[in-house]
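Please read the structure below before turning to the comments.
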Amino acid sequence: MFPTTIVGSLPKPSWLAEPAPLWAPWRLSGEDLLRAQRDAALVMLKLQEDAGLDIVTDGEVFRQHFVHGILEHIDGLDFQNKKRIGIRAGRYQADCPRVVAPIARRKPIHAPEAAFTRAHTRSQLKFTMPGPMTIVDTLADEYYQDRPKLAMEFAKILNQEARELEAAGVDVIQFDEPAYNVYLDEVATWGIETLERAAEGLEIKTAVHICYGYGIKANVDWKKTLGGEWRQYERTFPVLAKSKIDQVSLECAGSRVPLQVLSMLKNKDVLVGVIDVATDRIETPQEVAQTIRDAAEHVPPERIIPCTNCGMVPLSRDVAVGKLEALAGGAAIARKEYGKG
């Protein structure tokens, strides 16, 4: 009961990239970079296992950014002449690759990373990829000029990747869709369709992560405009409840999300965000346990997976490790209370 995991990312070691900034450039290149990334993945596994987490990730150390990690290997995208655009409905500006031709995948992208990580842990392994809607929202499309069509083309590529990840021994594949909290109508009209296409044919667990973004200033400022209660999930959870996706990951700790919305996710495993990544304050295990108790009022305890609210790449390692330990400690308290400790 209450198996613990993180959304995906952890702070990159300083030998690999500058810690904290998103899109931080690599400090090495070529074979030296690959060796450093593998070394970093081993460290990330060790940090999670030492903290007591049950389902681990590679910390997303093989990718510069959670979206660009896969996009850098896709034909039809121009990374040399990026275009500055507003993303997440203009919440902030980013230099994004341009879509200039039909997109295509030359070869497997993430399978070698997953195979390496799988070989170095006995824990359950989760692998994350950006979802189709979030990918489309992080590109300057000058070719398709049709967001649903472009998203479906990416969904097909993601599905190829996902099948290879399954073959490499991954236990859970999670698609990150922060865009679902912005384009609420589109989730129903084409978001779920493209997400299900990305997960088509998989026999392992599938998850979708929907949050309010990293703990960066643009996101923190945006949250301040959302009012006393954040009810975006009310619009998307009924649609997700009917989908073929097994698990839904959401933000709870430190947020204004009314936890009653969790009851809308009928028959889904719920990755409850019990760790606030938008603050350096480290939660106590007792606080984590209380968030689990609160969630259990709306979701059967056996379907709760305590998790972080979002990725932790912008945090310092010391803070991230403290939060990992609080996550595991809080889940242990809750297991004892519910008779499964």
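Chain identifiers are assigned as A, B, and so on, following the order in which chains appear in the structure tokens; residues are numbered from 1 within each chain, and ligands are numbered from 1 in order of appearance.
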
If we count only C-alpha atoms and set the cut-off at 8 Å, which residues sit around Asp75 of chain A, ignoring sequence neighbours fewer than 3 positions away in its own chain? Please answer as a short mmCIF file (atom, residue, chain, number, x, y, z; two decimals) with C-alpha atoms, in the first residue's frame.
```
data_model
loop_
_atom_site.label_atom_id
_atom_site.label_comp_id
_atom_site.auth_asym_id
_atom_site.auth_seq_id
_atom_site.Cartn_x
_atom_site.Cartn_y
_atom_site.Cartn_z
CA ALA A 101 8.88 19.58 -42.51
CA PRO A 102 7.05 16.30 -41.85
CA ILE A 103 8.20 14.87 -38.54
CA ALA A 104 9.87 11.45 -38.40
CA ARG A 105 11.89 9.37 -35.97
CA ARG A 106 15.19 8.04 -37.32
#
```

* Residue list (strand (DSSP E), DSSP) for segment 192-271 of chain A, as number ranges by chain -> A: 205-210, 247-250, 269-271

Emit the selected residues as a compact mmCIF listing (two decimals), in the first residue's frame, including C-alpha atoms.
```
# COMPACT_ATOMS: atom_id res chain seq x y z
CA LYS A 205 0.99 0.55 -16.49
CA THR A 206 0.40 3.90 -18.19
CA ALA A 207 0.15 7.24 -16.43
CA VAL A 208 -0.52 10.86 -17.27
CA HIS A 209 0.94 13.66 -15.17
CA ILE A 210 -1.00 16.94 -14.99
CA GLN A 247 -2.91 6.27 -13.53
CA VAL A 248 -3.34 10.02 -13.09
CA SER A 249 -0.70 12.17 -11.38
CA LEU A 250 -1.76 15.51 -9.92
CA ASP A 269 -4.63 4.76 -9.58
CA VAL A 270 -4.01 8.29 -8.30
CA LEU A 271 -0.49 9.66 -7.92
```

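Residue neighbourhood of Arg235 of chain A, excluding near-sequence residues (fewer than 5 positions): Tyr180, Asn181, Val182, Tyr183, Leu184, Asp185, Glu186, Val187, Ala188, Trp230, Leu240, Ala241, Val261, Met264 and Leu265 of chain A, at 12 Å, using only C-alpha atoms.
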
Could the residues in this selection be saved with N, CA and C atoms as a PDB file, in the first residue's frame?
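Saved the output as again35.pdb:
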```pdb
ATOM      1  N   TYR A 180      -2.614  20.145 -20.137  1.00  0.00           N
ATOM      2  CA  TYR A 180      -4.002  19.788 -19.846  1.00  0.00           C
ATOM      3  C   TYR A 180      -4.642  20.760 -18.858  1.00  0.00           C
ATOM      4  N   ASN A 181      -3.843  21.440 -18.056  1.00  0.00           N
ATOM      5  CA  ASN A 181      -4.392  22.400 -17.111  1.00  0.00           C
ATOM      6  C   ASN A 181      -4.575  23.781 -17.723  1.00  0.00           C
ATOM      7  N   VAL A 182      -4.291  23.898 -19.013  1.00  0.00           N
ATOM      8  CA  VAL A 182      -4.393  25.189 -19.701  1.00  0.00           C
ATOM      9  C   VAL A 182      -5.452  25.137 -20.799  1.00  0.00           C
ATOM     10  N   TYR A 183      -5.379  24.104 -21.632  1.00  0.00           N
ATOM     11  CA  TYR A 183      -6.281  23.995 -22.785  1.00  0.00           C
ATOM     12  C   TYR A 183      -7.393  22.997 -22.449  1.00  0.00           C
ATOM     13  N   LEU A 184      -8.289  23.417 -21.581  1.00  0.00           N
ATOM     14  CA  LEU A 184      -9.258  22.499 -20.994  1.00  0.00           C
ATOM     15  C   LEU A 184     -10.223  21.927 -22.036  1.00  0.00           C
ATOM     16  N   ASP A 185     -10.683  22.740 -22.953  1.00  0.00           N
ATOM     17  CA  ASP A 185     -11.611  22.243 -23.975  1.00  0.00           C
ATOM     18  C   ASP A 185     -10.926  21.259 -24.912  1.00  0.00           C
ATOM     19  N   GLU A 186      -9.676  21.548 -25.264  1.00  0.00           N
ATOM     20  CA  GLU A 186      -8.949  20.698 -26.201  1.00  0.00           C
ATOM     21  C   GLU A 186      -8.647  19.315 -25.625  1.00  0.00           C
ATOM     22  N   VAL A 187      -8.576  19.210 -24.301  1.00  0.00           N
ATOM     23  CA  VAL A 187      -8.357  17.892 -23.698  1.00  0.00           C
ATOM     24  C   VAL A 187      -9.445  16.932 -24.153  1.00  0.00           C
ATOM     25  N   ALA A 188     -10.676  17.398 -24.149  1.00  0.00           N
ATOM     26  CA  ALA A 188     -11.801  16.545 -24.541  1.00  0.00           C
ATOM     27  C   ALA A 188     -11.879  16.342 -26.042  1.00  0.00           C
ATOM     28  N   TRP A 230      -8.435  25.992  -7.113  1.00  0.00           N
ATOM     29  CA  TRP A 230      -7.991  25.661  -8.468  1.00  0.00           C
ATOM     30  C   TRP A 230      -8.853  24.502  -8.970  1.00  0.00           C
ATOM     31  N   LEU A 240     -10.739  11.976 -18.330  1.00  0.00           N
ATOM     32  CA  LEU A 240      -9.670  11.023 -18.054  1.00  0.00           C
ATOM     33  C   LEU A 240     -10.211   9.752 -17.406  1.00  0.00           C
ATOM     34  N   ALA A 241     -11.253   9.893 -16.596  1.00  0.00           N
ATOM     35  CA  ALA A 241     -11.824   8.724 -15.926  1.00  0.00           C
ATOM     36  C   ALA A 241     -12.347   7.703 -16.936  1.00  0.00           C
ATOM     37  N   VAL A 261     -12.108  16.631  -5.957  1.00  0.00           N
ATOM     38  CA  VAL A 261     -12.028  16.287  -7.377  1.00  0.00           C
ATOM     39  C   VAL A 261     -11.410  14.912  -7.583  1.00  0.00           C
ATOM     40  N   MET A 264     -13.484  11.972  -8.772  1.00  0.00           N
ATOM     41  CA  MET A 264     -13.881  11.863 -10.179  1.00  0.00           C
ATOM     42  C   MET A 264     -13.062  10.823 -10.931  1.00  0.00           C
ATOM     43  N   LEU A 265     -11.912  10.445 -10.377  1.00  0.00           N
ATOM     44  CA  LEU A 265     -11.008   9.524 -11.077  1.00  0.00           C
ATOM     45  C   LEU A 265     -11.355   8.085 -10.723  1.00  0.00           C
TER      46      LEU A 265
END
```

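When only C-alpha atoms are used to compute distances to Glu113 of chain A, the closest of the residues A:Ala140, A:Ala17, A:Leu34, A:Ala326 turns out to be A:Leu34.
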
* Asked: With only C-alpha atoms as the atoms that count, which of A:Asp141, A:Glu302, A:Glu161, A:Asp221 lies nearest to Ala278 of chain A?
  -> A:Asp221

* Asked: Which residues, written as a PyMOL selection string, have at least one atom at most 10 Å from Glu203 of chain A, with only C-alpha atoms counted and residues fewer than 4 positions away on the same chain left out?
  -> chain A and resi 163+166+171-172+199
